$ cat final34.pdb   # PDB, C-alpha atoms
ATOM      1  CA  ASP A   1      32.541 146.357  78.626
ATOM      2  CA  ILE A   2      30.664 148.723  76.342
ATOM      3  CA  GLN A   3      32.322 149.234  72.953
ATOM      4  CA  MET A   4      31.868 152.453  70.985
ATOM      5  CA  THR A   5      32.178 152.447  67.203
ATOM      6  CA  GLN A   6      32.327 155.614  65.134
ATOM      7  CA  SER A   7      31.823 156.022  61.411
ATOM      8  CA  PRO A   8      33.335 157.089  59.218
ATOM      9  CA  SER A   9      36.944 157.019  60.429
ATOM     10  CA  THR A  10      37.819 159.861  58.067
ATOM     11  CA  LEU A  11      35.552 162.379  56.417
ATOM     12  CA  SER A  12      36.535 164.805  53.681
ATOM     13  CA  ALA A  13      34.405 167.930  53.496
ATOM     14  CA  SER A  14      34.419 171.544  52.391
ATOM     15  CA  VAL A  15      33.694 174.740  54.279
ATOM     16  CA  GLY A  16      29.939 175.215  54.436
ATOM     17  CA  ASP A  17      29.117 171.502  54.190
ATOM     18  CA  ARG A  18      26.725 169.783  56.561
ATOM     19  CA  VAL A  19      28.637 167.003  58.308
ATOM     20  CA  THR A  20      27.281 164.039  60.240
ATOM     21  CA  ILE A  21      29.286 161.584  62.346
ATOM     22  CA  THR A  22      27.712 158.421  63.744
ATOM     23  CA  CYS A  23      28.537 156.637  66.987
ATOM     24  CA  ARG A  24      27.130 153.246  67.956
ATOM     25  CA  ALA A  25      27.272 151.599  71.354
ATOM     26  CA  SER A  26      27.494 147.824  71.817
ATOM     27  CA  GLN A  27      24.591 148.016  74.281
ATOM     28  CA  SER A  28      22.128 150.646  75.369
ATOM     29  CA  ILE A  29      23.630 153.646  77.120
ATOM     30  CA  SER A  30      20.412 155.658  77.347
ATOM     31  CA  SER A  31      21.558 159.255  76.677
ATOM     32  CA  TRP A  32      24.837 159.049  78.570
ATOM     33  CA  LEU A  33      26.969 160.156  75.656
ATOM     34  CA  ALA A  34      29.383 163.024  75.096
ATOM     35  CA  TRP A  35      31.187 164.362  72.043
ATOM     36  CA  TYR A  36      34.652 165.925  72.045
ATOM     37  CA  GLN A  37      36.725 167.811  69.499
ATOM     38  CA  GLN A  38      40.489 167.409  69.454
ATOM     39  CA  LYS A  39      43.020 169.335  67.410
ATOM     40  CA  PRO A  40      46.608 168.149  66.878
ATOM     41  CA  GLY A  41      48.754 168.600  69.972
ATOM     42  CA  LYS A  42      45.818 169.794  72.063
ATOM     43  CA  ALA A  43      43.608 168.286  74.728
ATOM     44  CA  PRO A  44      40.072 167.247  73.822
ATOM     45  CA  LYS A  45      37.305 169.820  74.212
ATOM     46  CA  LEU A  46      33.804 168.934  75.383
ATOM     47  CA  LEU A  47      31.156 169.849  72.787
ATOM     48  CA  ILE A  48      28.010 167.903  73.673
ATOM     49  CA  TYR A  49      26.892 166.010  76.772
ATOM     50  CA  LYS A  50      23.866 163.888  77.573
ATOM     51  CA  ALA A  51      23.633 163.140  73.837
ATOM     52  CA  SER A  52      22.145 166.483  72.820
ATOM     53  CA  SER A  53      23.043 169.183  75.351
ATOM     54  CA  LEU A  54      25.378 171.842  73.990
ATOM     55  CA  GLU A  55      28.282 172.736  76.257
ATOM     56  CA  SER A  56      28.471 176.411  77.189
ATOM     57  CA  GLY A  57      30.463 178.449  74.684
ATOM     58  CA  VAL A  58      30.204 175.878  71.884
ATOM     59  CA  PRO A  59      28.796 177.283  68.605
ATOM     60  CA  SER A  60      25.220 176.370  67.817
ATOM     61  CA  ARG A  61      26.232 174.800  64.479
ATOM     62  CA  PHE A  62      27.140 171.740  66.565
ATOM     63  CA  SER A  63      24.280 169.476  67.573
ATOM     64  CA  GLY A  64      23.865 165.968  68.884
ATOM     65  CA  SER A  65      21.034 163.485  68.775
ATOM     66  CA  GLY A  66      20.183 159.890  69.542
ATOM     67  CA  SER A  67      19.575 157.553  72.443
ATOM     68  CA  GLY A  68      20.010 153.909  73.258
ATOM     69  CA  THR A  69      22.707 152.630  70.920
ATOM     70  CA  GLU A  70      22.841 155.071  68.008
ATOM     71  CA  PHE A  71      23.963 158.684  68.130
ATOM     72  CA  THR A  72      24.967 161.416  65.732
ATOM     73  CA  LEU A  73      26.996 164.596  65.856
ATOM     74  CA  THR A  74      26.063 167.136  63.205
ATOM     75  CA  ILE A  75      27.905 170.261  62.155
ATOM     76  CA  SER A  76      25.361 172.297  60.221
ATOM     77  CA  SER A  77      27.829 174.416  58.249
ATOM     78  CA  LEU A  78      31.463 173.395  58.514
ATOM     79  CA  GLN A  79      33.837 176.222  59.396
ATOM     80  CA  PRO A  80      37.650 176.341  58.962
ATOM     81  CA  ASP A  81      38.103 175.947  62.725
ATOM     82  CA  ASP A  82      36.130 172.687  62.699
ATOM     83  CA  PHE A  83      38.727 170.580  60.899
ATOM     84  CA  ALA A  84      39.727 168.258  63.719
ATOM     85  CA  THR A  85      39.166 164.780  65.143
ATOM     86  CA  TYR A  86      35.911 164.060  66.937
ATOM     87  CA  TYR A  87      35.359 161.420  69.620
ATOM     88  CA  CYS A  88      32.216 160.078  71.186
ATOM     89  CA  GLN A  89      32.328 158.815  74.776
ATOM     90  CA  GLN A  90      29.853 156.806  76.796
ATOM     91  CA  TYR A  91      29.534 157.251  80.541
ATOM     92  CA  ASN A  92      26.689 154.855  81.252
ATOM     93  CA  SER A  93      28.988 152.114  82.526
ATOM     94  CA  TYR A  94      32.488 153.257  83.321
ATOM     95  CA  TRP A  95      33.851 155.402  80.487
ATOM     96  CA  ALA A  96      34.838 154.495  76.953
ATOM     97  CA  PHE A  97      35.658 156.438  73.810
ATOM     98  CA  GLY A  98      35.024 155.739  70.164
ATOM     99  CA  GLN A  99      38.062 155.427  67.925
ATOM    100  CA  GLY A 100      37.622 158.921  66.499
ATOM    101  CA  THR A 101      36.565 160.540  63.228
ATOM    102  CA  LYS A 102      38.983 162.846  61.472
ATOM    103  CA  VAL A 103      37.311 165.657  59.538
ATOM    104  CA  GLU A 104      39.698 166.840  56.847
ATOM    105  CA  ILE A 105      39.623 169.409  54.094
ATOM    106  CA  LYS A 106      38.304 168.131  50.778
TER
ATOM    107  CA  GLN B   1      39.695 180.543  85.790
ATOM    108  CA  VAL B   2      39.285 176.806  86.106
ATOM    109  CA  GLN B   3      42.414 174.997  85.015
ATOM    110  CA  LEU B   4      44.422 171.840  85.434
ATOM    111  CA  VAL B   5      48.204 172.158  85.222
ATOM    112  CA  GLN B   6      50.145 168.975  84.621
ATOM    113  CA  SER B   7      53.754 168.119  85.274
ATOM    114  CA  GLY B   8      56.383 168.054  82.572
ATOM    115  CA  ALA B   9      57.438 165.415  80.101
ATOM    116  CA  GLU B  10      59.118 162.243  81.344
ATOM    117  CA  VAL B  11      61.456 159.719  79.773
ATOM    118  CA  LYS B  12      61.606 156.345  81.479
ATOM    119  CA  LYS B  13      63.212 152.985  80.892
ATOM    120  CA  PRO B  14      61.146 149.824  80.545
ATOM    121  CA  GLY B  15      60.247 148.390  83.934
ATOM    122  CA  ALA B  16      60.406 151.753  85.697
ATOM    123  CA  SER B  17      57.519 153.769  87.159
ATOM    124  CA  VAL B  18      56.263 157.246  86.366
ATOM    125  CA  LYS B  19      54.211 159.635  88.486
ATOM    126  CA  VAL B  20      52.316 162.458  86.797
ATOM    127  CA  SER B  21      50.775 165.332  88.710
ATOM    128  CA  CYS B  22      47.744 167.483  87.962
ATOM    129  CA  LYS B  23      47.233 170.686  89.954
ATOM    130  CA  ALA B  24      43.721 172.089  89.998
ATOM    131  CA  SER B  25      42.824 175.737  90.443
ATOM    132  CA  GLY B  26      39.777 177.945  90.100
ATOM    133  CA  TYR B  27      37.321 175.509  91.662
ATOM    134  CA  THR B  28      36.826 173.327  94.737
ATOM    135  CA  PHE B  29      39.201 170.423  94.152
ATOM    136  CA  THR B  30      37.307 168.011  96.399
ATOM    137  CA  GLY B  31      34.012 168.708  94.671
ATOM    138  CA  TYR B  32      34.727 166.882  91.407
ATOM    139  CA  TYR B  33      36.108 163.467  90.517
ATOM    140  CA  MET B  34      39.272 163.464  88.417
ATOM    141  CA  HIS B  35      39.851 161.153  85.472
ATOM    142  CA  TRP B  36      43.050 160.074  83.800
ATOM    143  CA  VAL B  37      42.997 159.439  80.050
ATOM    144  CA  ARG B  38      45.900 158.537  77.803
ATOM    145  CA  GLN B  39      46.562 158.789  74.078
ATOM    146  CA  ALA B  40      49.306 156.817  72.354
ATOM    147  CA  PRO B  41      50.963 158.458  69.334
ATOM    148  CA  GLY B  42      48.506 158.667  66.452
ATOM    149  CA  GLN B  43      45.876 156.742  68.396
ATOM    150  CA  GLY B  44      42.587 157.441  70.151
ATOM    151  CA  LEU B  45      41.691 158.237  73.733
ATOM    152  CA  GLU B  46      41.817 155.562  76.430
ATOM    153  CA  TRP B  47      40.207 155.929  79.856
ATOM    154  CA  MET B  48      42.443 154.773  82.720
ATOM    155  CA  GLY B  49      40.366 155.493  85.804
ATOM    156  CA  TRP B  50      39.226 158.122  88.262
ATOM    157  CA  ILE B  51      39.852 159.323  91.771
ATOM    158  CA  ASN B  52      37.432 160.960  94.153
ATOM    159  CA  PRO B  53      39.558 163.763  95.625
ATOM    160  CA  ASN B  54      37.237 164.066  98.606
ATOM    161  CA  SER B  55      37.473 160.469  99.837
ATOM    162  CA  GLY B  56      40.503 159.220  97.945
ATOM    163  CA  GLY B  57      38.401 156.422  96.490
ATOM    164  CA  THR B  58      39.448 155.142  93.083
ATOM    165  CA  ASN B  59      38.081 153.184  90.154
ATOM    166  CA  TYR B  60      40.529 151.811  87.617
ATOM    167  CA  ALA B  61      39.941 150.424  84.146
ATOM    168  CA  GLN B  62      40.472 146.681  84.221
ATOM    169  CA  LYS B  63      43.359 146.944  81.770
ATOM    170  CA  PHE B  64      45.412 148.985  84.249
ATOM    171  CA  GLN B  65      44.487 147.328  87.533
ATOM    172  CA  GLY B  66      47.593 146.265  89.379
ATOM    173  CA  ARG B  67      49.798 148.766  87.546
ATOM    174  CA  VAL B  68      48.142 152.129  88.163
ATOM    175  CA  THR B  69      47.736 154.059  91.385
ATOM    176  CA  MET B  70      45.808 157.318  91.624
ATOM    177  CA  THR B  71      46.252 159.494  94.677
ATOM    178  CA  ARG B  72      45.654 163.071  95.719
ATOM    179  CA  ASP B  73      46.904 165.738  98.096
ATOM    180  CA  THR B  74      43.997 167.965  99.033
ATOM    181  CA  SER B  75      46.278 170.483 100.788
ATOM    182  CA  ILE B  76      47.693 171.493  97.409
ATOM    183  CA  SER B  77      44.715 170.541  95.198
ATOM    184  CA  THR B  78      46.777 168.045  93.251
ATOM    185  CA  ALA B  79      45.965 164.650  91.809
ATOM    186  CA  TYR B  80      48.584 162.081  90.881
ATOM    187  CA  MET B  81      48.705 159.098  88.552
ATOM    188  CA  GLU B  82      51.487 156.575  88.961
ATOM    189  CA  LEU B  83      52.000 153.822  86.390
ATOM    190  CA  SER B  84      54.432 151.033  87.177
ATOM    191  CA  ARG B  85      56.253 148.325  85.225
ATOM    192  CA  LEU B  86      56.360 150.565  82.189
ATOM    193  CA  ARG B  87      56.515 149.059  78.700
ATOM    194  CA  SER B  88      57.203 150.674  75.344
ATOM    195  CA  ASP B  89      53.483 150.665  74.549
ATOM    196  CA  ASP B  90      52.871 152.908  77.556
ATOM    197  CA  THR B  91      54.455 155.721  75.538
ATOM    198  CA  ALA B  92      51.631 158.242  75.340
ATOM    199  CA  VAL B  93      50.286 161.615  76.349
ATOM    200  CA  TYR B  94      48.575 161.344  79.721
ATOM    201  CA  TYR B  95      45.729 163.758  80.492
ATOM    202  CA  CYS B  96      43.893 164.549  83.671
ATOM    203  CA  ALA B  97      40.297 165.682  83.193
ATOM    204  CA  ARG B  98      37.640 166.930  85.581
ATOM    205  CA  ASP B  99      34.449 164.898  85.797
ATOM    206  CA  ARG B 100      31.135 166.722  85.650
ATOM    207  CA  GLU B 101      28.859 163.818  86.521
ATOM    208  CA  GLY B 102      29.974 161.875  83.475
ATOM    209  CA  PRO B 103      31.375 164.128  80.783
ATOM    210  CA  MET B 104      34.879 165.531  81.208
ATOM    211  CA  ASP B 105      34.589 169.288  81.062
ATOM    212  CA  VAL B 106      38.079 170.570  81.910
ATOM    213  CA  TRP B 107      41.292 168.958  80.700
ATOM    214  CA  GLY B 108      44.950 169.426  81.451
ATOM    215  CA  LYS B 109      47.302 170.052  78.548
ATOM    216  CA  GLY B 110      48.770 166.592  78.838
ATOM    217  CA  THR B 111      52.048 165.061  79.944
ATOM    218  CA  THR B 112      54.161 163.145  77.444
ATOM    219  CA  VAL B 113      55.632 159.945  78.827
ATOM    220  CA  THR B 114      58.202 158.206  76.662
ATOM    221  CA  VAL B 115      59.316 154.691  77.531
ATOM    222  CA  SER B 116      62.539 153.758  75.829
ATOM    223  CA  SER B 117      65.667 151.802  76.617
TER
END

$ encode --input "final34.pdb" --output "structure tokens"
Amino acid sequence: DIQMTQSPSTLSASVGDRVTITCRASQSISSWLAWYQQKPGKAPKLLIYKASSLESGVPSRFSGSGSGTEFTLTISSLQPDDFATYYCQQYNSYWAFGQGTKVEIK
Amino acid sequence: QVQLVQSGAEVKKPGASVKVSCKASGYTFTGYYMHWVRQAPGQGLEWMGWINPNSGGTNYAQKFQGRVTMTRDTSISTAYMELSRLRSDDTAVYYCARDREGPMDVWGKGTTVTVSS
């Protein structure tokens, strides 16, 4: 099974900050990676697919990069609505999520 | 609009079974696989498996094989997930999510299943 590891687990940041979350796969997954945002009590929301493709309706301050085993999600200028938990997910071999990164207010 | 509407919260005793439904609307139900994902309290997301609504074919995560059954009723555009031999650590929110060739682009609001004696 492919394991997904995110870092950090928690990130404290301020509005306007540039934020980067890293996701590593235990083996190569090419570009078969998605990123989701989840707010408390809500279902996850798809942000990025195929490592770097922005889902329709998602603000352009979100971007994704990487291939193989290392990936990043970047928020160029953190907005109040962005405080949430973010998950990466591989879909190269079955499906598996990272453990999540909580972005909290500094 | 495209949406997935899930059934209501359930409380079950250990050893019982639970069946959660997920009604699709706004798109062709048989055109997209459906995943089931769960989230225990305060924990991350865990993939359980998928069903192909067109053929009824399924693919379950190894952890749940033997305990989970995913079915569908195409006449009412509804997918089902049944989990048997429930334990306290099955307490979680269960989501259905539409597959778009890998990523999950539409999610239900979740169904809370509580397992308690």

$ interface_residues --input "final34.pdb" --of "chain A" --to "chain B" --cutoff "9 Å" --atoms "all atoms listed in the file" --output "list in words"
Trp32, Leu33, Ala34, Trp35, Gly41, Lys42, Ala43, Pro44, Lys45, Leu46, Leu47, Ile48, Tyr49, Lys50, Glu55, Tyr87, Gln89, Gln90, Tyr91, Asn92, Tyr94, Trp95, Ala96, Phe97, Gly98, Gln99 and Gly100 of chain A

$ residues_around --input "final34.pdb" --residues "segment 76-79 of chain B" --least-positions-apart "5" --cutoff "7 Å" --atoms "all atoms listed in the file" --output "CSV table (one decimal) with C-alpha atoms, in the frame of the given file"
chain,number,residue,atom,x,y,z
B,21,SER,CA,50.8,165.3,88.7
B,22,CYS,CA,47.7,167.5,88.0
B,23,LYS,CA,47.2,170.7,90.0
B,24,ALA,CA,43.7,172.1,90.0
B,29,PHE,CA,39.2,170.4,94.2
B,71,THR,CA,46.3,159.5,94.7

$ residues_near_point --input "final34.pdb" --point "(22.1, 164.6, 72.1)" --cutoff "8 Å" --atoms "only C-alpha atoms" --output "JSON list (two decimals) with C-alpha atoms, in the frame of the given file"
[["chain", "number", "residue", "atom", "x", "y", "z"],
["A", 31, "SER", "CA", 21.56, 159.26, 76.68],
["A", 33, "LEU", "CA", 26.97, 160.16, 75.66],
["A", 48, "ILE", "CA", 28.01, 167.90, 73.67],
["A", 49, "TYR", "CA", 26.89, 166.01, 76.77],
["A", 50, "LYS", "CA", 23.87, 163.89, 77.57],
["A", 51, "ALA", "CA", 23.63, 163.14, 73.84],
["A", 52, "SER", "CA", 22.14, 166.48, 72.82],
["A", 53, "SER", "CA", 23.04, 169.18, 75.35],
["A", 63, "SER", "CA", 24.28, 169.48, 67.57],
["A", 64, "GLY", "CA", 23.86, 165.97, 68.88],
["A", 65, "SER", "CA", 21.03, 163.49, 68.78],
["A", 66, "GLY", "CA", 20.18, 159.89, 69.54],
["A", 67, "SER", "CA", 19.58, 157.55, 72.44],
["A", 71, "PHE", "CA", 23.96, 158.68, 68.13],
["A", 72, "THR", "CA", 24.97, 161.42, 65.73],
["A", 73, "LEU", "CA", 27.00, 164.60, 65.86]]

$ resolve_selection --input "final34.pdb" --expression "the PyMOL selection byres ((chain B and resi 113) around 8)" --output "ChimeraX atom specification"
/B:9-12,90-94,111-112,114-115

$ residues_around --input "final34.pdb" --residues "Pro80 of chain A" --least-positions-apart "5" --cutoff "10 Å" --atoms "all atoms listed in the file" --output "count of residues only"
5

$ atom_distance --input "final34.pdb" --atom1 "atom CA of Val68 of chain B" --atom2 "atom CA of Ser55 of chain B"
17.9 Å

$ atom_distance --input "final34.pdb" --atom1 "atom CA of Gln3 of chain A" --atom2 "atom CA of Arg87 of chain B"
24.9 Å

$ residues_around --input "final34.pdb" --residues "Glu70 of chain A" --least-positions-apart "5" --cutoff "7 Å" --atoms "only C-alpha atoms" --output "MDAnalysis selection string"
chainID A and resid 23:25
